[in-house]
file start-v8.cif (mmCIF, C-alpha atoms and all ligand atoms)
data_coords
loop_
_atom_site.label_atom_id
_atom_site.label_comp_id
_atom_site.auth_asym_id
_atom_site.auth_seq_id
_atom_site.Cartn_x
_atom_site.Cartn_y
_atom_site.Cartn_z
CA MET A 16 0.00 0.00 0.00
CA ALA A 17 1.43 3.40 -0.92
CA GLY A 18 0.84 6.33 1.51
CA GLY A 19 -2.12 8.64 1.43
CA ARG A 20 -3.65 7.73 4.79
CA GLY A 21 -4.78 10.89 6.53
CA ASN A 22 -3.54 12.98 3.61
CA PRO A 23 -6.37 14.08 1.30
CA GLY A 24 -4.04 14.57 -1.67
CA GLY A 25 -0.32 14.27 -1.94
CA PRO A 26 1.86 11.69 -3.65
CA ALA A 27 -0.62 8.81 -3.34
CA LEU A 28 -3.29 10.79 -5.17
CA GLU A 29 -0.82 11.79 -7.86
CA ALA A 30 0.34 8.21 -8.33
CA ALA A 31 -3.23 6.88 -8.39
CA ALA A 32 -4.11 9.56 -10.97
CA GLU A 33 -1.14 8.52 -13.10
CA ALA A 34 -2.35 4.89 -13.03
CA LEU A 35 -5.83 6.04 -14.10
CA ARG A 36 -4.40 8.16 -16.90
CA ARG A 37 -2.50 5.15 -18.24
CA GLY A 38 -5.37 2.71 -17.65
CA ARG A 39 -6.65 0.83 -20.70
CA GLY A 40 -9.29 -1.08 -18.73
CA VAL A 41 -10.73 0.77 -15.74
CA VAL A 42 -13.25 -0.81 -13.37
CA VAL A 43 -14.86 1.18 -10.55
CA LEU A 44 -16.84 -0.48 -7.75
CA THR A 45 -19.05 1.82 -5.70
CA GLY A 46 -20.93 1.43 -2.44
CA ALA A 47 -23.24 3.42 -0.22
CA GLY A 48 -20.53 5.95 0.74
CA VAL A 49 -20.71 7.51 -2.74
CA SER A 50 -24.33 8.48 -2.11
CA ALA A 51 -23.80 9.59 1.50
CA GLU A 52 -23.17 13.15 0.34
CA SER A 53 -26.52 13.01 -1.48
CA ARG A 54 -28.01 12.42 1.98
CA ILE A 55 -28.77 8.76 1.42
CA PRO A 56 -27.72 7.01 4.64
CA THR A 57 -25.19 4.19 4.34
CA PHE A 58 -26.01 0.75 5.75
CA ARG A 59 -23.60 1.07 8.62
CA ASP A 60 -24.99 4.53 9.51
CA ALA A 61 -27.83 4.68 12.00
CA MET A 62 -31.16 5.11 10.26
CA GLU A 63 -33.15 8.25 10.83
CA GLY A 64 -36.44 9.16 12.44
CA LEU A 65 -38.92 6.36 12.68
CA TRP A 66 -36.34 3.83 11.43
CA LYS A 67 -33.83 4.51 14.22
CA SER A 68 -34.56 1.26 16.05
CA PHE A 69 -34.30 -0.97 12.94
CA ASP A 70 -31.13 -2.64 11.74
CA PRO A 71 -30.92 -2.20 7.94
CA LEU A 72 -28.86 -5.36 7.59
CA ARG A 73 -31.64 -7.40 9.20
CA LEU A 74 -34.35 -5.83 7.03
CA ALA A 75 -32.47 -6.68 3.81
CA THR A 76 -33.31 -10.38 3.83
CA PRO A 77 -36.03 -12.56 2.30
CA GLU A 78 -36.68 -13.91 5.79
CA ALA A 79 -37.50 -10.43 7.09
CA PHE A 80 -39.87 -9.83 4.18
CA ALA A 81 -41.61 -13.18 4.76
CA ALA A 82 -41.93 -12.55 8.50
CA ASP A 83 -42.92 -8.88 8.36
CA PRO A 84 -43.80 -7.70 4.84
CA VAL A 85 -45.48 -4.58 6.22
CA THR A 86 -42.33 -3.23 7.89
CA VAL A 87 -39.94 -4.27 5.13
CA SER A 88 -42.04 -2.85 2.28
CA ARG A 89 -42.70 0.36 4.23
CA TRP A 90 -38.94 0.73 4.78
CA TYR A 91 -38.17 0.21 1.09
CA ASP A 92 -40.92 2.62 0.04
CA PHE A 93 -39.50 5.21 2.47
CA ARG A 94 -36.05 4.73 0.93
CA ARG A 95 -37.42 4.80 -2.63
CA LYS A 96 -38.87 8.24 -1.89
CA LYS A 97 -35.56 9.44 -0.42
CA CYS A 98 -33.70 8.24 -3.53
CA LEU A 99 -36.16 10.02 -5.81
CA GLU A 100 -35.70 13.25 -3.86
CA ALA A 101 -31.89 12.94 -3.75
CA GLN A 102 -29.58 14.57 -6.27
CA PRO A 103 -26.25 13.21 -7.54
CA ASN A 104 -23.19 14.77 -5.87
CA PRO A 105 -19.70 15.69 -7.16
CA GLY A 106 -18.53 12.10 -6.60
CA HIS A 107 -21.17 10.75 -9.00
CA TRP A 108 -20.36 13.46 -11.55
CA ALA A 109 -16.64 12.76 -11.33
CA LEU A 110 -17.24 9.08 -12.12
CA ALA A 111 -19.43 9.97 -15.10
CA ASP A 112 -16.64 12.24 -16.29
CA LEU A 113 -14.04 9.55 -15.71
CA GLU A 114 -16.01 7.19 -17.96
CA ARG A 115 -16.03 9.78 -20.77
CA ARG A 116 -12.32 10.55 -20.33
CA VAL A 117 -11.21 6.91 -20.32
CA ARG A 118 -13.35 6.14 -23.39
CA ALA A 119 -12.14 9.28 -25.19
CA SER A 120 -8.57 8.09 -24.73
CA GLY A 121 -9.46 4.70 -26.23
CA GLY A 122 -9.77 2.75 -22.97
CA ARG A 123 -12.52 0.51 -21.58
CA PHE A 124 -14.53 1.57 -18.55
CA ARG A 125 -17.14 -0.16 -16.44
CA LEU A 126 -18.89 1.04 -13.30
CA LEU A 127 -20.04 -1.71 -10.97
CA THR A 128 -22.34 -0.41 -8.26
CA GLN A 129 -23.78 -2.03 -5.17
CA ASN A 130 -26.12 0.95 -4.84
CA VAL A 131 -29.78 0.66 -5.74
CA ASP A 132 -30.52 4.41 -5.92
CA GLY A 133 -29.97 5.13 -9.64
CA LEU A 134 -27.84 8.22 -8.90
CA HIS A 135 -24.93 7.17 -11.12
CA GLN A 136 -27.22 7.00 -14.15
CA ARG A 137 -28.77 10.35 -13.24
CA ALA A 138 -25.28 11.86 -13.05
CA GLY A 139 -24.59 10.72 -16.62
CA SER A 140 -22.76 7.41 -16.16
CA GLU A 141 -23.63 5.19 -19.11
CA ASP A 142 -22.18 1.75 -18.49
CA VAL A 143 -23.54 0.99 -15.01
CA VAL A 144 -23.86 -2.58 -13.75
CA GLU A 145 -26.35 -2.76 -10.86
CA LEU A 146 -25.03 -5.66 -8.81
CA HIS A 147 -27.71 -5.42 -6.12
CA GLY A 148 -30.59 -4.35 -8.38
CA SER A 149 -32.65 -1.18 -8.14
CA ILE A 150 -35.06 0.19 -5.58
CA MET A 151 -36.88 1.98 -8.41
CA ARG A 152 -38.13 -1.30 -9.90
CA TRP A 153 -40.54 -3.65 -8.08
CA ARG A 154 -41.89 -7.04 -8.95
CA CYS A 155 -44.49 -9.58 -7.84
CA SER A 156 -42.97 -11.59 -4.98
CA VAL A 157 -44.68 -14.75 -6.27
CA THR A 158 -44.40 -14.67 -10.08
CA GLY A 159 -41.49 -12.25 -10.47
CA GLU A 160 -43.55 -10.22 -12.96
CA PRO A 161 -42.33 -6.58 -13.07
CA VAL A 162 -44.79 -3.99 -11.76
CA SER A 163 -45.13 -0.84 -13.85
CA GLY A 164 -46.54 2.59 -13.00
CA LEU A 165 -45.48 2.75 -9.35
CA PRO A 166 -47.26 5.53 -7.42
CA GLU A 167 -45.27 8.22 -5.62
CA GLN A 168 -46.04 6.38 -2.41
CA PHE A 169 -47.86 3.08 -1.95
CA ALA A 170 -51.37 3.24 -0.47
CA GLU A 171 -50.91 0.01 1.50
CA TYR A 172 -48.03 -2.11 2.83
CA PRO A 173 -47.20 -4.39 1.27
CA ALA A 174 -48.61 -3.09 -2.01
CA ARG A 175 -50.22 -5.92 -3.98
CA THR A 176 -50.75 -7.01 -7.58
CA PRO A 177 -54.31 -7.32 -8.91
CA ASP A 178 -53.98 -11.04 -7.99
CA GLY A 179 -53.39 -10.09 -4.37
CA HIS A 180 -49.68 -11.00 -4.29
CA ALA A 181 -47.33 -8.79 -2.30
CA ILE A 182 -44.83 -6.85 -4.40
CA ARG A 183 -41.18 -6.39 -3.45
CA PRO A 184 -38.30 -4.21 -4.65
CA CYS A 185 -36.00 -5.64 -7.35
CA VAL A 186 -33.02 -5.56 -5.00
CA VAL A 187 -30.73 -8.40 -3.94
CA TRP A 188 -31.16 -9.44 -0.34
CA PHE A 189 -28.67 -11.46 1.72
CA GLY A 190 -28.78 -15.09 0.66
CA GLU A 191 -30.17 -14.23 -2.79
CA ALA A 192 -28.19 -14.62 -5.99
CA LEU A 193 -26.99 -11.50 -7.80
CA PRO A 194 -28.49 -10.97 -11.29
CA GLU A 195 -26.68 -13.40 -13.61
CA ARG A 196 -26.08 -10.85 -16.37
CA ALA A 197 -24.69 -8.28 -13.90
CA LEU A 198 -22.24 -10.82 -12.50
CA GLU A 199 -21.15 -11.87 -16.00
CA GLU A 200 -20.54 -8.23 -16.94
CA ALA A 201 -18.60 -7.67 -13.72
CA TYR A 202 -16.31 -10.69 -14.16
CA GLU A 203 -15.81 -9.93 -17.85
CA ALA A 204 -14.61 -6.38 -16.99
CA LEU A 205 -12.45 -7.63 -14.12
CA GLU A 206 -10.67 -10.10 -16.39
CA THR A 207 -9.30 -7.33 -18.56
CA CYS A 208 -8.89 -4.43 -16.16
CA ASP A 209 -5.57 -2.84 -15.32
CA VAL A 210 -6.96 -0.32 -12.81
CA PHE A 211 -9.57 -1.13 -10.17
CA VAL A 212 -11.08 1.58 -7.95
CA SER A 213 -13.17 0.77 -4.86
CA VAL A 214 -15.16 3.75 -3.62
CA GLY A 215 -17.31 4.22 -0.51
CA THR A 216 -17.82 0.58 0.31
CA SER A 217 -17.10 -1.22 3.56
CA ALA A 218 -15.80 -4.09 1.38
CA VAL A 219 -17.41 -6.82 3.47
CA VAL A 220 -20.39 -7.95 1.37
CA TYR A 221 -19.64 -10.70 -1.14
CA PRO A 222 -19.28 -11.35 -3.99
CA ALA A 223 -18.49 -7.63 -4.61
CA ALA A 224 -15.99 -7.60 -1.73
CA GLY A 225 -13.90 -10.17 -3.62
CA PHE A 226 -13.57 -8.12 -6.81
CA VAL A 227 -10.55 -6.11 -5.61
CA HIS A 228 -8.65 -9.35 -4.97
CA LEU A 229 -9.50 -10.71 -8.43
CA ALA A 230 -8.29 -7.46 -10.00
CA ALA A 231 -5.08 -7.52 -7.94
CA GLN A 232 -4.44 -11.16 -8.91
CA ARG A 233 -4.42 -10.20 -12.54
CA GLY A 234 -1.95 -7.41 -11.88
CA ALA A 235 -4.25 -4.37 -11.81
CA THR A 236 -3.36 -1.27 -9.82
CA THR A 237 -5.91 -1.09 -7.01
CA ILE A 238 -7.14 2.20 -5.54
CA GLU A 239 -9.48 2.74 -2.60
CA VAL A 240 -11.36 5.95 -1.80
CA ASN A 241 -13.04 5.87 1.59
CA ARG A 242 -13.59 8.14 4.56
CA GLU A 243 -12.48 5.33 6.86
CA GLN A 244 -10.20 2.32 6.93
CA THR A 245 -11.68 -0.94 5.58
CA PRO A 246 -10.45 -4.54 5.40
CA ILE A 247 -8.83 -3.80 2.01
CA SER A 248 -7.09 -0.53 2.96
CA GLY A 249 -3.85 -2.29 3.83
CA SER A 250 -3.63 -4.35 0.65
CA VAL A 251 -4.57 -1.91 -2.13
CA SER A 252 -1.92 -0.11 -4.16
CA PHE A 253 -3.22 3.32 -3.09
CA SER A 254 -5.58 4.04 -0.22
CA LEU A 255 -7.02 7.56 -0.45
CA ARG A 256 -8.69 8.64 2.75
CA GLY A 257 -11.46 11.21 2.38
CA SER A 258 -15.00 11.72 1.19
CA SER A 259 -15.77 10.60 -2.34
CA GLY A 260 -17.41 13.95 -3.15
CA GLU A 261 -14.05 15.59 -2.56
CA MET A 262 -11.52 12.90 -3.49
CA LEU A 263 -13.04 11.68 -6.78
CA PRO A 264 -13.11 15.11 -8.47
CA ARG A 265 -9.50 15.66 -7.33
CA LEU A 266 -8.46 12.27 -8.63
CA VAL A 267 -10.14 12.73 -12.01
CA GLU A 268 -8.87 16.30 -12.38
CA SER A 269 -5.41 15.23 -11.43
CA ALA A 270 -5.52 12.47 -14.06
CA PHE A 271 -7.26 14.26 -16.92
CA GLY A 272 -7.55 17.99 -16.14
CA ALA A 273 -10.60 20.05 -15.12
CA ILE A 274 -13.89 18.17 -14.89
CA ASP A 275 -16.71 19.15 -17.28
CA GLY A 276 -18.47 22.15 -15.70
CA ARG A 277 -21.78 21.56 -13.91
C1 LIG B 301 -17.74 6.98 2.62
C2 LIG B 301 -18.46 8.17 2.73
C3 LIG B 301 -18.11 9.23 1.89
C4 LIG B 301 -19.27 6.75 4.11
N1 LIG B 301 -17.11 9.06 1.03
N2 LIG B 301 -16.75 6.86 1.77
C5 LIG B 301 -18.30 -15.18 1.04
C6 LIG B 301 -17.82 -15.03 2.32
C7 LIG B 301 -18.68 -14.69 3.37
C8 LIG B 301 -20.04 -14.50 3.15
C9 LIG B 301 -20.52 -14.64 1.88
C10 LIG B 301 -19.66 -14.99 0.85
N3 LIG B 301 -20.39 -15.04 -0.30
C11 LIG B 301 -21.68 -14.75 0.00
C12 LIG B 301 -21.77 -14.50 1.32
C13 LIG B 301 -23.03 -14.15 2.03
C14 LIG B 301 -23.42 -12.71 1.89
C15 LIG B 301 -22.35 -11.83 2.49
O1 LIG B 301 -21.53 -11.24 1.82
N4 LIG B 301 -22.37 -11.68 3.80
C16 LIG B 301 -21.39 -10.82 4.47
C17 LIG B 301 -22.12 -9.85 5.39
C18 LIG B 301 -20.39 -11.67 5.18
N5 LIG B 301 -23.68 -12.33 0.49
C19 LIG B 301 -24.84 -12.58 -0.07
O2 LIG B 301 -25.75 -13.11 0.52
C20 LIG B 301 -25.01 -12.17 -1.52
N6 LIG B 301 -25.55 -13.26 -2.24
C21 LIG B 301 -24.81 -14.29 -2.63
O3 LIG B 301 -23.61 -14.32 -2.53
O4 LIG B 301 -25.56 -15.29 -3.17
C22 LIG B 301 -24.97 -16.55 -3.47
C23 LIG B 301 -26.07 -17.39 -4.08
C24 LIG B 301 -25.81 -18.04 -5.28
C25 LIG B 301 -26.82 -18.82 -5.86
C26 LIG B 301 -28.05 -18.93 -5.24
C27 LIG B 301 -28.31 -18.25 -4.06
C28 LIG B 301 -27.29 -17.48 -3.47
C29 LIG B 301 -26.03 -11.06 -1.65
C30 LIG B 301 -25.60 -9.78 -1.04
C31 LIG B 301 -26.72 -8.76 -1.14
C32 LIG B 301 -26.43 -7.51 -0.36
N7 LIG B 301 -27.62 -6.73 -0.33
C33 LIG B 301 -27.59 -5.42 0.32
C34 LIG B 301 -29.03 -4.85 0.33
C35 LIG B 301 -29.44 -4.37 -1.06
C36 LIG B 301 -30.82 -3.80 -1.04
C37 LIG B 301 -30.93 -2.54 -0.24
O5 LIG B 301 -30.38 -1.50 -0.65
O6 LIG B 301 -31.57 -2.59 0.80
O7 LIG B 301 -26.70 -4.56 -0.41
S1 LIG B 301 -26.90 -5.43 1.96
C38 LIG B 301 -26.03 -3.91 1.82
O8 LIG B 301 -24.59 -4.13 1.84
C39 LIG B 301 -26.36 -3.40 0.40
C40 LIG B 301 -25.05 -2.83 -0.03
O9 LIG B 301 -25.01 -2.74 -1.44
C41 LIG B 301 -24.05 -3.79 0.55
C42 LIG B 301 -22.68 -3.21 0.71
O10 LIG B 301 -22.71 -2.13 1.58
P1 LIG B 301 -21.80 -0.87 1.24
O11 LIG B 301 -22.24 -0.27 -0.01
O12 LIG B 301 -20.39 -1.25 1.37
O13 LIG B 301 -22.24 0.15 2.41
P2 LIG B 301 -21.77 0.23 3.91
O14 LIG B 301 -22.79 1.04 4.63
O15 LIG B 301 -21.42 -1.08 4.44
O16 LIG B 301 -20.39 1.03 3.87
C43 LIG B 301 -20.34 2.40 3.52
C44 LIG B 301 -18.88 2.74 3.36
O17 LIG B 301 -18.81 4.05 2.84
C45 LIG B 301 -18.07 2.73 4.67
O18 LIG B 301 -16.84 2.06 4.44
C46 LIG B 301 -17.84 4.22 4.96
O19 LIG B 301 -16.60 4.46 5.61
C47 LIG B 301 -17.85 4.78 3.58
N8 LIG B 301 -18.28 6.20 3.47
N9 LIG B 301 -19.44 8.07 3.65
C48 LIG B 301 -16.43 7.95 0.97
N10 LIG B 301 -18.78 10.47 1.91
#
call {"tool": "encode", "arguments": {"input": "start-v8.cif", "output": "structure tokens", "more": "lines below"}}
Ligand code: BJW
result
Amino acid sequence: MAGGRGNPGGPALEAAAEALRRGRGVVVLTGAGVSAESRIPTFRDAMEGLWKSFDPLRLATPEAFAADPVTVSRWYDFRRKKCLEAQPNPGHWALADLERRVRASGGRFRLLTQNVDGLHQRAGSEDVVELHGSIMRWRCSVTGEPVSGLPEQFAEYPARTPDGHAIRPCVVWFGEALPERALEEAYEALETCDVFVSVGTSAVVYPAAGFVHLAAQRGATTIEVNREQTPISGSVSFSLRGSSGEMLPRLVESAFGAIDGR
């Protein structure tokens, strides 16, 4: 691991930027920290208001939905509304810009996100792989049939299909398989990447938590951007400590020059 701990810029940022500038295959993995500055709470943060006494990691399971569909669907509807109200932040914009810059210089770029909030797409990122699905899409919990025309807020919890089946968000809960296509796209990009960037994730939820190791095994330069230390901080090539809304624009600017105005 090269320096950078406790230093929001400095030689580690410069070296990471140099690796990005040279990168021919860049893969970025994002987690909840990227959306924290859009006021979407992370999983390890305490929830707000009426959700203070609930543990998000216990609500994100099929068992919780089966046992208490009212609470779980109310929680997801509450979060869906928060995501709709949220706006992308400078971290999201910097990643959208990074995609354009890498492509413009003839490289490959893929953004793998564990987030379900759709903010990367709204910031202009084009090639986004949603590993854990999307809170904006819901489906029948029995048939899997997608539900269209969601209201701003559901009138009952759980909301039901005309057949009376509860509907659920198209997100991946603990113990559920990730979407096959998303995983294929992730592994395909990892096989040919020479730079891997992990941003705003606690790096403990698999299979995404294993991606950095796969990238390192194939010789990629690995970069972490996080406000805090994580299990991968000691093994990445460059660990950049700071908020993604601040560090990502600096990293991209340092690699490619001023970010497109916004
Ligand atoms: C900032 C910041 C700022 C804050 N700037 N940084 C191998 C080993 C051990 C266990 C397993 C294994 N393989 C599978 C498992 C089991 C399990 C697992 O990983 N468990 C672990 C807890 C040990 N994995 C699964 O069950 C997965 N399924 C699976 O593998 O299926 C196999 C299968 C195959 C075939 C058939 C059936 C099954 C599924 C995992 C699904 C995770 N789902 C959730 C919920 C999604 C829906 C929802 O949104 O509610 O995904 S859980 C939650 O964790 C969510 C997140 O995407 C995910 C990761 O969290 P993330 O993004 O890292 O957020 P936080 O809050 O943890 O961290 C925030 C970070 O940001 C912190 O580090 C902060 O410091 C930082 N930060 N502000 C920069 N401004």
call {"tool": "closest_atom_pairs", "arguments": {"input": "start-v8.cif", "of": "chain A", "to": "ligand LIG 301 (chain B)", "cutoff": "8 Å", "atoms": "all atoms listed in the file", "output": "tab-separated table"}}
result
residue	atom	partner	partner_atom	distance
A:Thr45	CA	B:LIG301	O11	6.8
A:Gly46	CA	B:LIG301	O11	3.2
A:Ala47	CA	B:LIG301	O11	3.8
A:Gly48	CA	B:LIG301	O17	3.3
A:Val49	CA	B:LIG301	N1	5.4
A:Ser50	CA	B:LIG301	N10	7.1
A:Ala51	CA	B:LIG301	N9	5.1
A:Glu52	CA	B:LIG301	N10	5.4
A:Pro56	CA	B:LIG301	O14	7.7
A:Thr57	CA	B:LIG301	O14	4.0
A:Phe58	CA	B:LIG301	O14	3.4
A:Arg59	CA	B:LIG301	O14	4.1
A:Asp60	CA	B:LIG301	O14	6.4
A:Pro71	CA	B:LIG301	O6	7.2
A:Leu72	CA	B:LIG301	S1	6.0
A:Leu74	CA	B:LIG301	O6	7.6
A:Ala75	CA	B:LIG301	O6	5.2
A:Thr76	CA	B:LIG301	C34	7.8
A:Tyr91	CA	B:LIG301	O6	7.2
A:Thr128	CA	B:LIG301	O9	7.7
A:Gln129	CA	B:LIG301	O9	4.0
A:Asn130	CA	B:LIG301	O9	5.1
A:Val131	CA	B:LIG301	O5	5.6
A:Asp132	CA	B:LIG301	O5	7.9
A:Leu146	CA	B:LIG301	O9	7.9
A:His147	CA	B:LIG301	C35	5.4
A:Gly148	CA	B:LIG301	C36	7.4
A:Ser149	CA	B:LIG301	C36	7.8
A:Ile150	CA	B:LIG301	O5	7.0
A:Val186	CA	B:LIG301	C36	4.9
A:Val187	CA	B:LIG301	C31	4.9
A:Trp188	CA	B:LIG301	N7	4.5
A:Phe189	CA	B:LIG301	O2	3.6
A:Gly190	CA	B:LIG301	O2	3.6
A:Glu191	CA	B:LIG301	C28	4.4
A:Ala192	CA	B:LIG301	O4	3.9
A:Leu193	CA	B:LIG301	N6	6.0
A:Val214	CA	B:LIG301	C48	6.3
A:Gly215	CA	B:LIG301	N2	3.5
A:Thr216	CA	B:LIG301	O12	3.3
A:Ser217	CA	B:LIG301	O18	3.4
A:Ala218	CA	B:LIG301	O12	5.4
A:Val219	CA	B:LIG301	C16	5.7
A:Val220	CA	B:LIG301	O1	3.5
A:Tyr221	CA	B:LIG301	O1	3.6
A:Pro222	CA	B:LIG301	N3	5.3
A:Ala223	CA	B:LIG301	O1	8.0
A:Ala224	CA	B:LIG301	O1	7.5
A:Val240	CA	B:LIG301	C48	6.1
A:Asn241	CA	B:LIG301	N2	3.8
A:Arg242	CA	B:LIG301	N2	4.4
A:Glu243	CA	B:LIG301	O19	4.4
A:Gln244	CA	B:LIG301	O19	6.9
A:Thr245	CA	B:LIG301	O18	6.1
A:Arg256	CA	B:LIG301	C48	8.0
A:Gly257	CA	B:LIG301	C48	6.1
A:Ser258	CA	B:LIG301	N1	3.4
A:Ser259	CA	B:LIG301	N1	3.9
A:Gly260	CA	B:LIG301	N10	6.3
call {"tool": "residues_around", "arguments": {"input": "start-v8.cif", "residues": "Ala204 (chain A)", "least_positions_apart": "6", "cutoff": "10 Å", "atoms": "only C-alpha atoms", "output": "list in words"}}
result
Gly40, Val41, Val42, Val43, Arg123, Phe124, Arg125, Leu126, Leu127, Leu198, Phe211 and Ala230 of chain A
call {"tool": "atom_distance", "arguments": {"input": "start-v8.cif", "atom1": "CA of Glu171 (chain A)", "atom2": "CA of Ala81 (chain A)"}}
result
16.5 Å
call {"tool": "closest_residue", "arguments": {"input": "start-v8.cif", "among": "A:Pro84, A:Pro173, A:Pro103, A:Pro161", "to": "Gly133 (chain A)", "atoms": "all atoms listed in the file"}}
result
A:Pro103
call {"tool": "residues_near_point", "arguments": {"input": "start-v8.cif", "point": "(-41.0, -5.5, -8.4)", "cutoff": "9 Å", "atoms": "only C-alpha atoms", "output": "PDB file with C-alpha atoms, in the coordinates of the input"}}
result
ATOM      1  CA  ILE A 150     -35.060   0.190  -5.580  1.00  0.00           C
ATOM      2  CA  MET A 151     -36.880   1.980  -8.410  1.00  0.00           C
ATOM      3  CA  ARG A 152     -38.130  -1.300  -9.900  1.00  0.00           C
ATOM      4  CA  TRP A 153     -40.540  -3.650  -8.080  1.00  0.00           C
ATOM      5  CA  ARG A 154     -41.890  -7.040  -8.950  1.00  0.00           C
ATOM      6  CA  CYS A 155     -44.490  -9.580  -7.840  1.00  0.00           C
ATOM      7  CA  SER A 156     -42.970 -11.590  -4.980  1.00  0.00           C
ATOM      8  CA  GLY A 159     -41.490 -12.250 -10.470  1.00  0.00           C
ATOM      9  CA  GLU A 160     -43.550 -10.220 -12.960  1.00  0.00           C
ATOM     10  CA  PRO A 161     -42.330  -6.580 -13.070  1.00  0.00           C
ATOM     11  CA  VAL A 162     -44.790  -3.990 -11.760  1.00  0.00           C
ATOM     12  CA  SER A 163     -45.130  -0.840 -13.850  1.00  0.00           C
ATOM     13  CA  ILE A 182     -44.830  -6.850  -4.400  1.00  0.00           C
ATOM     14  CA  ARG A 183     -41.180  -6.390  -3.450  1.00  0.00           C
ATOM     15  CA  PRO A 184     -38.300  -4.210  -4.650  1.00  0.00           C
ATOM     16  CA  CYS A 185     -36.000  -5.640  -7.350  1.00  0.00           C
ATOM     17  CA  VAL A 186     -33.020  -5.560  -5.000  1.00  0.00           C
TER      18      VAL A 186
END
call {"tool": "atom_distance", "arguments": {"input": "start-v8.cif", "atom1": "CA of Trp108 (chain A)", "atom2": "CA of Ile238 (chain A)"}}
result
18.4 Å
call {"tool": "axis_aligned_box", "arguments": {"input": "start-v8.cif", "around": "region 137-155 of chain A", "padding_each_side": "4 Å", "output": "JSON"}}
result
{"center_x": -33.3, "center_y": 1.1, "center_z": -12.3, "size_x": 30.3, "size_y": 29.4, "size_z": 21.5}
call {"tool": "closest_residue", "arguments": {"input": "start-v8.cif", "among": "A:Ser213, A:His180, A:Glu145, A:Arg54", "to": "Glu200 (chain A)", "atoms": "all atoms listed in the file"}}
result
A:Glu145
call {"tool": "closest_residue", "arguments": {"input": "start-v8.cif", "among": "A:Ala111, A:Leu266, A:Tyr202, A:Glu167", "to": "Val143 (chain A)", "atoms": "only C-alpha atoms"}}
result
A:Ala111
call {"tool": "build_atoms", "arguments": {"input": "start-v8.cif", "residues": "region 220-230 of chain A", "atoms": "N, CA, C and O atoms", "output": "PDB file, keeping the file's coordinate frame"}}
result
ATOM      1  N   VAL A 220     -19.270  -7.170   1.913  1.00  0.00           N
ATOM      2  CA  VAL A 220     -20.390  -7.950   1.370  1.00  0.00           C
ATOM      3  C   VAL A 220     -19.970  -8.600   0.042  1.00  0.00           C
ATOM      4  O   VAL A 220     -19.585  -7.916  -0.905  1.00  0.00           O
ATOM      5  N   TYR A 221     -20.060  -9.914   0.024  1.00  0.00           N
ATOM      6  CA  TYR A 221     -19.640 -10.700  -1.140  1.00  0.00           C
ATOM      7  C   TYR A 221     -20.815 -10.935  -2.071  1.00  0.00           C
ATOM      8  O   TYR A 221     -21.957 -10.876  -1.649  1.00  0.00           O
ATOM      9  N   PRO A 222     -20.577 -11.158  -3.351  1.00  0.00           N
ATOM     10  CA  PRO A 222     -19.280 -11.350  -3.990  1.00  0.00           C
ATOM     11  C   PRO A 222     -18.519 -10.052  -4.304  1.00  0.00           C
ATOM     12  O   PRO A 222     -17.323 -10.116  -4.609  1.00  0.00           O
ATOM     13  N   ALA A 223     -19.168  -8.871  -4.203  1.00  0.00           N
ATOM     14  CA  ALA A 223     -18.490  -7.630  -4.610  1.00  0.00           C
ATOM     15  C   ALA A 223     -17.191  -7.421  -3.829  1.00  0.00           C
ATOM     16  O   ALA A 223     -16.198  -6.927  -4.384  1.00  0.00           O
ATOM     17  N   ALA A 224     -17.180  -7.814  -2.564  1.00  0.00           N
ATOM     18  CA  ALA A 224     -15.990  -7.600  -1.730  1.00  0.00           C
ATOM     19  C   ALA A 224     -14.774  -8.368  -2.259  1.00  0.00           C
ATOM     20  O   ALA A 224     -13.632  -8.044  -1.932  1.00  0.00           O
ATOM     21  N   GLY A 225     -15.008  -9.375  -3.078  1.00  0.00           N
ATOM     22  CA  GLY A 225     -13.900 -10.170  -3.620  1.00  0.00           C
ATOM     23  C   GLY A 225     -13.318  -9.592  -4.906  1.00  0.00           C
ATOM     24  O   GLY A 225     -12.247 -10.019  -5.361  1.00  0.00           O
ATOM     25  N   PHE A 226     -13.999  -8.612  -5.496  1.00  0.00           N
ATOM     26  CA  PHE A 226     -13.570  -8.120  -6.810  1.00  0.00           C
ATOM     27  C   PHE A 226     -12.153  -7.513  -6.773  1.00  0.00           C
ATOM     28  O   PHE A 226     -11.369  -7.684  -7.696  1.00  0.00           O
ATOM     29  N   VAL A 227     -11.865  -6.769  -5.692  1.00  0.00           N
ATOM     30  CA  VAL A 227     -10.550  -6.110  -5.610  1.00  0.00           C
ATOM     31  C   VAL A 227      -9.432  -7.154  -5.623  1.00  0.00           C
ATOM     32  O   VAL A 227      -8.371  -6.935  -6.207  1.00  0.00           O
ATOM     33  N   HIS A 228      -9.675  -8.299  -5.006  1.00  0.00           N
ATOM     34  CA  HIS A 228      -8.650  -9.350  -4.970  1.00  0.00           C
ATOM     35  C   HIS A 228      -8.468  -9.979  -6.353  1.00  0.00           C
ATOM     36  O   HIS A 228      -7.358 -10.278  -6.771  1.00  0.00           O
ATOM     37  N   LEU A 229      -9.600 -10.160  -7.070  1.00  0.00           N
ATOM     38  CA  LEU A 229      -9.500 -10.710  -8.430  1.00  0.00           C
ATOM     39  C   LEU A 229      -8.693  -9.758  -9.329  1.00  0.00           C
ATOM     40  O   LEU A 229      -7.825 -10.189 -10.091  1.00  0.00           O
ATOM     41  N   ALA A 230      -9.003  -8.454  -9.181  1.00  0.00           N
ATOM     42  CA  ALA A 230      -8.290  -7.460 -10.000  1.00  0.00           C
ATOM     43  C   ALA A 230      -6.801  -7.468  -9.659  1.00  0.00           C
ATOM     44  O   ALA A 230      -5.946  -7.446 -10.552  1.00  0.00           O
TER      45      ALA A 230
END
